[in-house]
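Asker: File follows, query-v9.cif with mmCIF, C-alpha atoms and all ligand atoms:
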```
data_target
#
loop_
_atom_site.label_atom_id
_atom_site.label_comp_id
_atom_site.auth_asym_id
_atom_site.auth_seq_id
_atom_site.Cartn_x
_atom_site.Cartn_y
_atom_site.Cartn_z
CA MET I 1 0.00 0.00 0.00
CA THR I 2 1.56 3.28 -0.97
CA ALA I 3 1.12 6.53 0.87
CA THR I 4 -1.18 7.77 -1.88
CA ASN I 5 -3.41 4.71 -1.76
CA ASN I 6 -3.75 5.28 1.94
CA MET I 7 -5.53 8.51 1.18
CA VAL I 8 -8.72 6.49 0.75
CA TYR I 9 -8.77 6.15 4.54
CA ALA I 10 -9.24 9.88 4.85
CA ASN I 11 -12.51 10.60 6.58
CA LYS I 12 -14.37 13.33 8.33
CA VAL I 13 -14.57 13.60 12.10
CA ASN I 14 -17.07 15.90 13.77
CA GLY I 15 -17.59 17.48 10.38
CA LYS I 16 -13.88 18.28 10.07
CA GLN I 17 -11.49 16.97 7.48
CA VAL I 18 -8.78 14.83 9.02
CA ILE I 19 -6.14 17.31 7.94
CA GLU I 20 -7.96 20.13 9.74
CA GLN I 21 -7.98 17.99 12.84
CA ILE I 22 -4.25 17.25 12.52
CA VAL I 23 -3.43 20.94 12.02
CA GLU I 24 -5.52 21.85 15.06
CA HIS I 25 -3.50 19.49 17.26
CA LEU I 26 -0.27 20.60 15.63
CA SER I 27 -1.14 24.24 16.35
CA PHE I 28 -1.53 23.47 20.04
CA LEU I 29 1.72 21.50 20.13
CA VAL I 30 3.78 24.17 18.35
CA THR I 31 2.66 26.89 20.75
CA GLN I 32 4.00 24.77 23.63
CA ASP I 33 7.67 25.72 23.76
CA SER I 34 9.63 22.49 24.24
CA CYS I 35 13.02 23.66 23.00
CA ASN I 36 15.85 21.45 24.15
CA PRO I 37 18.10 22.97 25.28
CA PRO I 38 17.09 24.50 27.65
CA ARG I 39 14.38 21.79 28.19
CA LEU I 40 12.71 23.75 30.98
CA LEU I 41 9.69 21.48 31.10
CA SER I 42 7.60 20.48 34.06
CA LEU I 43 4.55 18.33 34.76
CA ASP I 44 2.32 21.38 35.25
CA ASP I 45 2.97 22.71 31.75
CA ALA I 46 -0.14 22.92 29.57
CA LEU I 47 1.65 20.59 27.16
CA PHE I 48 1.33 17.71 29.62
CA ILE I 49 -1.89 18.69 31.41
CA GLU I 50 -3.83 19.15 28.21
CA THR I 51 -2.30 16.20 26.38
CA GLN I 52 -3.04 13.94 29.33
CA GLN I 53 -6.61 15.23 29.48
CA PHE I 54 -7.00 14.77 25.75
CA PHE I 55 -5.97 11.11 25.81
CA GLN I 56 -8.04 10.39 28.92
CA ASN I 57 -11.07 11.81 27.11
CA GLN I 58 -10.41 9.34 24.30
CA GLY I 59 -10.47 6.40 26.72
CA PHE I 60 -6.73 6.00 27.26
CA ALA I 61 -5.05 5.19 30.56
CA VAL I 62 -2.33 7.83 30.87
CA SER I 63 0.79 7.92 33.01
CA LEU I 64 3.22 10.80 33.28
CA THR I 65 6.74 10.23 34.58
CA ASP I 66 9.12 12.98 35.60
CA HIS I 67 12.73 11.86 35.19
CA ASP I 68 14.02 15.22 36.45
CA LYS I 69 15.87 17.94 34.48
CA GLY I 70 12.87 18.51 32.22
CA ARG I 71 12.79 14.89 31.07
CA ILE I 72 9.15 13.87 31.07
CA SER I 73 7.46 10.83 29.54
CA LEU I 74 3.78 10.57 28.73
CA PHE I 75 2.55 7.05 28.12
CA ALA I 76 -1.03 6.54 26.97
CA GLN I 77 -2.70 3.26 26.13
CA ARG I 78 -6.17 2.19 25.07
CA GLY I 79 -7.03 -1.52 24.92
CA LYS I 80 -4.31 -4.05 24.17
CA PRO I 81 -2.43 -2.83 21.09
CA ASP I 82 0.50 -4.76 19.66
CA ILE I 83 2.19 -1.64 18.28
CA LEU I 84 3.78 1.09 20.36
CA PHE I 85 4.27 4.52 18.79
CA ASN I 86 7.13 6.58 20.19
CA VAL I 87 7.59 10.27 19.39
CA HIS I 88 9.66 12.99 21.01
CA LEU I 89 7.98 16.25 21.96
CA ASP I 90 11.17 18.25 22.38
CA THR I 91 12.56 20.36 19.57
CA VAL I 92 15.88 22.01 18.85
CA PRO I 93 16.17 25.68 19.90
CA ILE I 94 14.95 28.56 17.75
CA THR I 95 17.86 30.24 15.99
CA GLY I 96 18.23 32.70 13.12
CA GLN I 97 15.67 34.97 11.47
CA TRP I 98 12.31 33.33 10.82
CA GLN I 99 9.81 34.56 8.28
CA TYR I 100 7.04 32.75 10.21
CA PRO I 101 6.62 32.97 14.00
CA PRO I 102 8.39 29.82 15.21
CA LEU I 103 6.03 29.11 18.12
CA GLN I 104 2.92 29.28 15.96
CA CYS I 105 1.73 26.83 13.35
CA SER I 106 1.30 28.86 10.13
CA VAL I 107 -0.39 27.08 7.28
CA VAL I 108 0.51 28.62 3.95
CA GLU I 109 -0.65 26.87 0.80
CA ASP I 110 0.33 23.21 1.15
CA LYS I 111 2.75 23.58 4.08
CA ALA I 112 2.66 24.02 7.85
CA TYR I 113 5.49 26.10 9.33
CA GLY I 114 6.74 26.28 12.91
CA ARG I 115 9.43 24.88 15.23
CA GLY I 116 8.99 21.14 15.51
CA VAL I 117 6.33 20.65 12.81
CA CYS I 118 8.71 18.41 10.88
CA ASP I 119 10.80 17.09 13.79
CA ILE I 120 8.47 15.73 14.98
CA LYS I 121 5.33 17.25 16.45
CA GLY I 122 3.57 16.54 13.15
CA ALA I 123 3.61 12.84 14.04
CA VAL I 124 2.20 13.58 17.51
CA ALA I 125 -0.63 15.53 15.87
CA CYS I 126 -1.35 12.58 13.52
CA LEU I 127 -1.55 10.21 16.50
CA MET I 128 -3.84 12.58 18.40
CA ALA I 129 -6.13 12.81 15.39
CA LEU I 130 -6.21 9.01 15.21
CA ALA I 131 -6.92 8.66 18.92
CA GLU I 132 -9.88 10.98 18.42
CA SER I 133 -11.28 9.69 15.15
CA THR I 134 -11.06 5.94 15.84
CA ASP I 135 -11.61 3.67 18.81
CA HIS I 136 -8.84 1.24 17.88
CA ASP I 137 -6.43 -0.05 20.51
CA MET I 138 -3.41 2.25 20.60
CA ALA I 139 -0.32 2.98 22.65
CA VAL I 140 1.83 6.09 22.47
CA LEU I 141 4.95 7.12 24.34
CA PHE I 142 5.90 10.81 24.13
CA THR I 143 9.28 11.88 25.47
CA THR I 144 11.16 15.15 25.88
CA ASP I 145 14.88 14.37 25.81
CA GLU I 146 15.64 13.18 22.31
CA GLU I 147 17.23 16.36 20.99
CA GLY I 148 19.70 16.49 23.85
CA THR I 149 21.06 13.03 22.95
CA ASP I 150 20.03 12.06 26.44
CA SER I 151 17.48 9.30 25.76
CA CYS I 152 16.77 8.89 29.46
CA CYS I 153 12.98 8.78 28.89
CA VAL I 154 13.10 5.88 26.43
CA SER I 155 15.80 4.01 28.34
CA GLU I 156 13.84 4.28 31.60
CA PHE I 157 10.62 3.29 29.89
CA ILE I 158 12.27 0.16 28.48
CA ALA I 159 13.90 -0.66 31.82
CA SER I 160 10.74 -0.30 33.90
CA ASN I 161 8.05 -1.85 31.68
CA ASP I 162 7.29 -5.27 30.29
CA LEU I 163 7.10 -4.56 26.56
CA SER I 164 6.62 -8.13 25.43
CA SER I 165 3.03 -7.44 24.35
CA TYR I 166 4.28 -5.13 21.58
CA GLN I 167 5.24 -6.82 18.36
CA GLN I 168 6.60 -3.64 16.90
CA VAL I 169 7.67 -0.18 17.96
CA VAL I 170 7.19 2.59 15.43
CA VAL I 171 9.47 5.51 16.22
CA ALA I 172 8.44 8.69 14.46
CA GLU I 173 11.16 10.78 12.84
CA PRO I 174 11.01 12.55 9.47
CA THR I 175 11.36 9.68 6.97
CA ASP I 176 9.10 10.90 4.14
CA CYS I 177 6.50 8.40 5.40
CA LEU I 178 8.77 5.51 4.39
CA ALA I 179 9.61 2.73 6.83
CA ARG I 180 13.32 2.83 7.65
CA LEU I 181 14.65 -0.29 9.24
CA SER I 182 18.28 0.48 9.91
CA HIS I 183 20.87 3.07 10.77
CA ARG I 184 24.32 3.23 12.27
CA GLY I 185 25.10 3.39 15.96
CA TYR I 186 27.27 6.19 17.32
CA VAL I 187 30.17 6.26 19.76
CA SER I 188 31.91 9.40 20.95
CA ALA I 189 34.96 8.79 23.14
CA GLN I 190 38.00 10.42 24.69
CA GLY I 191 41.42 9.04 25.50
CA GLN I 192 43.90 10.56 27.94
CA PHE I 193 47.51 9.37 27.64
CA HIS I 194 49.78 10.02 30.62
CA GLY I 195 53.55 10.08 30.10
CA GLU I 196 56.54 10.93 32.30
CA ASN I 197 57.64 14.49 31.97
CA GLY I 198 61.28 15.41 31.83
CA HIS I 199 64.14 16.72 29.72
CA SER I 200 64.01 15.72 26.06
CA SER I 201 67.56 14.35 26.36
CA SER I 202 66.34 11.69 28.81
CA VAL I 203 66.35 8.04 27.81
CA ASN I 204 62.63 8.04 28.75
CA ALA I 205 61.67 10.40 25.95
CA LEU I 206 60.95 7.79 23.31
CA LYS I 207 58.65 5.53 25.33
CA GLY I 208 57.58 7.86 28.14
CA ASN I 209 56.27 10.63 25.90
CA ALA I 210 52.46 10.75 25.98
CA ILE I 211 52.29 12.08 22.41
CA HIS I 212 54.40 9.18 21.17
CA GLN I 213 52.10 6.77 22.97
CA ALA I 214 49.00 8.40 21.50
CA ASN I 215 50.61 8.32 18.08
CA GLN I 216 51.18 4.58 18.32
CA TRP I 217 47.58 4.02 19.27
CA MET I 218 46.37 6.25 16.41
CA ALA I 219 48.39 4.30 13.85
CA GLN I 220 46.91 1.02 15.06
CA ALA I 221 43.40 2.47 15.26
CA ILE I 222 43.56 3.75 11.67
CA ASN I 223 44.81 0.34 10.60
CA LEU I 224 41.89 -1.36 12.36
CA ALA I 225 39.45 1.12 10.82
CA GLU I 226 40.80 0.37 7.34
CA LYS I 227 40.21 -3.35 7.88
CA ALA I 228 36.54 -2.65 8.57
CA CYS I 229 36.04 -1.12 5.10
CA ASN I 230 34.87 -3.25 2.23
CA GLU I 231 33.05 -2.94 -1.05
CA SER I 232 29.55 -3.09 0.44
CA ASN I 233 30.51 -0.77 3.29
CA PRO I 234 33.29 1.53 2.07
CA ALA I 235 33.09 3.78 5.18
CA GLY I 236 33.54 0.82 7.52
CA VAL I 237 32.96 1.95 11.10
CA CYS I 238 33.49 5.65 10.19
CA PHE I 239 36.41 5.97 12.59
CA ASN I 240 37.28 9.65 12.98
CA LEU I 241 39.91 11.30 15.15
CA GLY I 242 38.30 14.62 15.98
CA HIS I 243 40.94 16.38 18.06
CA ILE I 244 44.26 15.89 19.75
CA LYS I 245 46.09 18.06 22.23
CA GLY I 246 49.20 17.55 24.30
CA GLY I 247 52.68 18.60 25.32
CA GLU I 248 54.20 21.94 26.31
CA LYS I 249 57.47 22.62 24.55
CA ASN I 250 59.84 21.00 22.03
CA ASN I 251 62.51 20.18 24.59
CA MET I 252 60.15 18.76 27.21
CA ILE I 253 58.84 15.20 27.26
CA ALA I 254 55.07 15.47 26.83
CA SER I 255 53.43 14.26 30.03
CA ASP I 256 49.88 14.39 28.69
CA CYS I 257 48.07 13.90 25.44
CA ALA I 258 44.29 13.99 25.10
CA LEU I 259 42.36 12.96 22.01
CA GLY I 260 38.78 12.38 20.96
CA PHE I 261 37.34 10.08 18.33
CA SER I 262 33.99 8.91 17.05
CA LEU I 263 32.66 5.76 15.44
CA ARG I 264 29.49 5.18 13.43
CA VAL I 265 28.87 1.50 13.81
CA PRO I 266 26.95 -0.26 11.03
CA PRO I 267 23.83 -2.37 11.77
CA GLY I 268 24.67 -5.90 12.85
CA LEU I 269 27.59 -4.76 15.03
CA LYS I 270 27.53 -3.76 18.68
CA SER I 271 28.78 -0.24 19.39
CA GLU I 272 30.21 -1.28 22.76
CA GLN I 273 32.15 -4.14 21.19
CA VAL I 274 33.62 -1.99 18.41
CA TYR I 275 34.57 0.65 20.98
CA LYS I 276 36.33 -2.02 23.04
CA GLN I 277 38.26 -3.24 20.00
CA PHE I 278 39.62 0.24 19.41
CA THR I 279 40.43 1.11 23.00
CA ALA I 280 42.02 -2.30 23.63
CA LEU I 281 44.78 -1.26 21.23
CA ALA I 282 46.18 0.84 24.09
CA LYS I 283 45.56 -0.14 27.66
CA GLY I 284 47.35 0.08 30.96
CA GLU I 285 47.85 2.59 33.72
CA HIS I 286 49.09 5.29 31.37
CA ILE I 287 45.80 5.52 29.49
CA ASP I 288 42.23 6.42 30.49
CA TRP I 289 39.38 5.82 28.07
CA GLN I 290 35.94 7.33 28.48
CA HIS I 291 32.92 7.47 26.25
CA SER I 292 30.43 10.33 26.31
CA MET I 293 28.03 8.60 23.95
CA MET I 294 27.39 4.93 23.28
CA ALA I 295 24.38 4.56 21.00
CA PRO I 296 23.51 1.24 19.40
CA ALA I 297 22.90 0.69 15.69
CA LEU I 298 19.43 -0.19 14.44
CA PRO I 299 19.52 -3.10 14.81
CA GLU I 300 22.76 -4.13 16.45
CA GLN I 301 21.82 -7.77 16.07
CA ALA I 302 21.13 -8.75 12.48
CA HIS I 303 18.33 -11.19 13.42
CA MET I 304 16.22 -8.27 14.69
CA LEU I 305 15.77 -7.12 11.10
CA LYS I 306 13.58 -10.12 10.27
CA PRO I 307 10.50 -9.23 12.36
CA ALA I 308 10.67 -5.60 11.19
CA LEU I 309 10.76 -6.79 7.57
CA ALA I 310 7.82 -9.13 8.22
CA PHE I 311 5.91 -6.23 9.79
CA CYS I 312 6.50 -4.10 6.67
CA LYS I 313 5.32 -6.93 4.45
CA LYS I 314 2.21 -7.59 6.54
CA HIS I 315 1.22 -3.91 6.47
CA GLN I 316 2.48 -3.29 2.93
CA LEU I 317 4.68 -0.47 4.13
CA ALA I 318 6.87 1.21 1.55
CA GLN I 319 10.49 1.00 2.70
CA GLY I 320 13.22 3.57 2.32
CA ASP I 321 17.00 3.29 2.57
CA ALA I 322 18.79 3.27 5.90
CA VAL I 323 18.68 6.72 7.48
CA ASN I 324 21.86 8.69 8.16
CA PHE I 325 20.77 9.99 11.54
CA TRP I 326 20.53 8.15 14.84
CA THR I 327 17.13 7.38 16.36
CA GLU I 328 15.82 5.93 19.60
CA ALA I 329 14.39 3.00 17.62
CA ALA I 330 17.84 1.49 18.18
CA LEU I 331 17.22 1.38 21.95
CA PHE I 332 14.01 -0.62 21.53
CA ALA I 333 15.66 -3.04 19.08
CA GLN I 334 18.60 -3.43 21.46
CA ALA I 335 16.11 -4.45 24.16
CA GLY I 336 14.69 -7.12 21.85
CA ILE I 337 11.59 -5.29 20.61
CA PRO I 338 11.49 -4.97 16.80
CA ALA I 339 11.55 -1.30 15.90
CA LEU I 340 11.44 0.81 12.79
CA VAL I 341 11.42 4.51 12.01
CA LEU I 342 8.47 6.05 10.17
CA GLY I 343 7.13 9.57 10.22
CA PRO I 344 6.04 12.56 8.13
CA GLY I 345 8.36 15.10 6.55
CA ASN I 346 11.91 15.13 5.32
CA ILE I 347 14.99 15.36 7.52
CA ALA I 348 16.20 18.27 5.34
CA GLN I 349 13.57 20.50 6.99
CA ALA I 350 14.28 19.28 10.52
CA HIS I 351 16.21 21.75 12.74
CA SER I 352 15.98 24.40 10.01
CA ILE I 353 14.86 28.04 10.02
CA ASP I 354 11.20 28.24 8.92
CA GLU I 355 10.90 24.49 9.53
CA TRP I 356 8.02 23.07 7.51
CA VAL I 357 6.16 19.91 6.67
CA THR I 358 3.67 19.44 3.86
CA LEU I 359 0.02 18.84 4.69
CA ASN I 360 0.18 15.94 2.27
CA GLN I 361 2.90 14.26 4.38
CA LEU I 362 0.81 14.74 7.53
CA GLN I 363 -2.25 13.25 5.87
CA SER I 364 -0.22 10.33 4.48
CA CYS I 365 1.37 9.63 7.84
CA HIS I 366 -2.03 9.67 9.53
CA ASP I 367 -3.38 7.22 6.97
CA ILE I 368 -0.37 4.90 7.25
CA TYR I 369 -0.62 4.87 11.07
CA LEU I 370 -4.34 4.18 10.72
CA GLY I 371 -3.54 1.21 8.48
CA LEU I 372 -1.23 -0.10 11.20
CA ILE I 373 -3.66 0.08 14.10
CA ARG I 374 -6.82 -1.19 12.48
ZN ZN Q 1 13.55 14.01 15.82
#
```
Would you write out, as structure tokens, the structure that this file holds?
Ligand SMILES: [Zn+2]

Answerer:
Amino acid sequence: MTATNNMVYANKVNGKQVIEQIVEHLSFLVTQDSCNPPRLLSLDDALFIETQQFFQNQGFAVSLTDHDKGRISLFAQRGKPDILFNVHLDTVPITGQWQYPPLQCSVVEDKAYGRGVCDIKGAVACLMALAESTDHDMAVLFTTDEEGTDSCCVSEFIASNDLSSYQQVVVAEPTDCLARLSHRGYVSAQGQFHGENGHSSSVNALKGNAIHQANQWMAQAINLAEKACNESNPAGVCFNLGHIKGGEKNNMIASDCALGFSLRVPPGLKSEQVYKQFTALAKGEHIDWQHSMMAPALPEQAHMLKPALAFCKKHQLAQGDAVNFWTEAALFAQAGIPALVLGPGNIAQAHSIDEWVTLNQLQSCHDIYLGLIR
């Protein structure tokens, strides 16, 4: 079933066209400032009070969880659905000069403008319209810490709930309404090499110099990264040394050298394992490794692709290529729940000035989600 064929599902609710209903919800959502940073959100914000009330009115059981620091999850469920929809409510900050007021949803011709319409409040509005216009079983999880690469809300939700009743998680991000089943994981890490300082004439200089030590590790790491490249995956694990700093003066043995690197781990490999392979090339007391981000690939275990593919086939979902951005779908798949990414809009408009999404994409997304829940 293509997005266009799905249009036949379009119906009228309370005398309103579905798209009017979606835009109405989107207008409310866009006026609720959920920029992250600063993520100054709290349970008594209208965003949560009104959204909770809305879902309760549609027969959902709703729970709100405050994970502190503006990280709030809203989980709403009606009946016993086998699909969980996950969407983040937070947006990136408003920067630059906008032609349209960023905290208002402006509909001009075939597009809706405003911060978050594309990434990804449009999907929330589609789900709200569905909750209202149907009585199908449904489950939604809205979170507020996706844009800060925090992912506490989703991680905590996975850790504290039995999700075995869900056959599939649909994570909404702008994918042009195509189901995306895979993307790379991401690792960001720092290494600190400690040498022995002293005069450069010392016999210690060659082995005790922290820059020399870092250099040896770098050579081996680049070698390992090259081995991971092949014809089907020419970028390999996307090893990248981002910065290096160390030493004081040409005639002093460098006592410290700090560097940072990142990896983009392809599906089927575990980020943690690839990170360990790289850091194991230099270990001992003279080196400290730390990672500031350890995000799994979607999926990190190849067998998790099968149920997602079967789900696409069953629901005749049009599939797109792997996405180039990281999503929280990877966290669900890592926990053993098949997950895919599917939402309205194109990533090119996400995070942009005068962010927009087409009304057609919103309608298509609504109709595809409807096809999934009925
Ligand atoms: Zn997003």

Asker: Counting all atoms listed in the file, what residues are within 6 Å of ligand ZN 1 (chain Q), given as a list in words?

Answerer: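 Within the 6 Å cut-off, the matching residues are Asp119, Ile120 and Glu173 of chain I.
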
Asker: Excluding range 258-270 of chain I and its own-chain neighbours fewer than 2 positions away, which residues fall within 8 Å of it when counting only C-alpha atoms? Please give them as an NGL selection string.

Answerer: :I and (182-193 or 236-246 or 256 or 272-275 or 296-302)

Asker: Measuring atom to atom with all atoms listed in the file, identify which of I:Ala225, I:Val107, I:Ala123, I:Ala61 is nearest to Val341 in chain I.

Answerer: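 Answer, going by the shortest atom-to-atom distance: I:Ala123.
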
Asker: Would you compute the distance between CA of Asn204 in chain I and CA of Met218 in chain I? Give it in Å to one decimal.

Answerer: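 Separation between CA of Asn204 in chain I and CA of Met218 in chain I: 20.5 Å.
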
Asker: Need the shell around His194 in chain I: protein/DNA/RNA residues with any atom at most 8 Å away, counting all atoms listed in the file. Skip same-chain ones fewer than 4 positions apart. Format as a compact mmCIF listing (two decimals) with C-alpha atoms, keeping the file's coordinate frame?

Answerer:
```
# COMPACT_ATOMS: atom_id res chain seq x y z
CA ALA I 210 52.46 10.75 25.98
CA SER I 255 53.43 14.26 30.03
CA ASP I 256 49.88 14.39 28.69
CA CYS I 257 48.07 13.90 25.44
CA HIS I 286 49.09 5.29 31.37
CA ILE I 287 45.80 5.52 29.49
```

Asker: Got a sec: who's within 12 Å of Gln216 in chain I, counting only C-alpha atoms, leaving out chain neighbours fewer than 3 positions off, as an MDAnalysis selection string?

Answerer: chainID I and resid 193 206:207 209:213 219:223 281:283

Asker: Would you work out the distance separating CA of Leu127 in chain I from CA of Phe85 in chain I, expressed in Å to one decimal?

Answerer: 8.5 Å
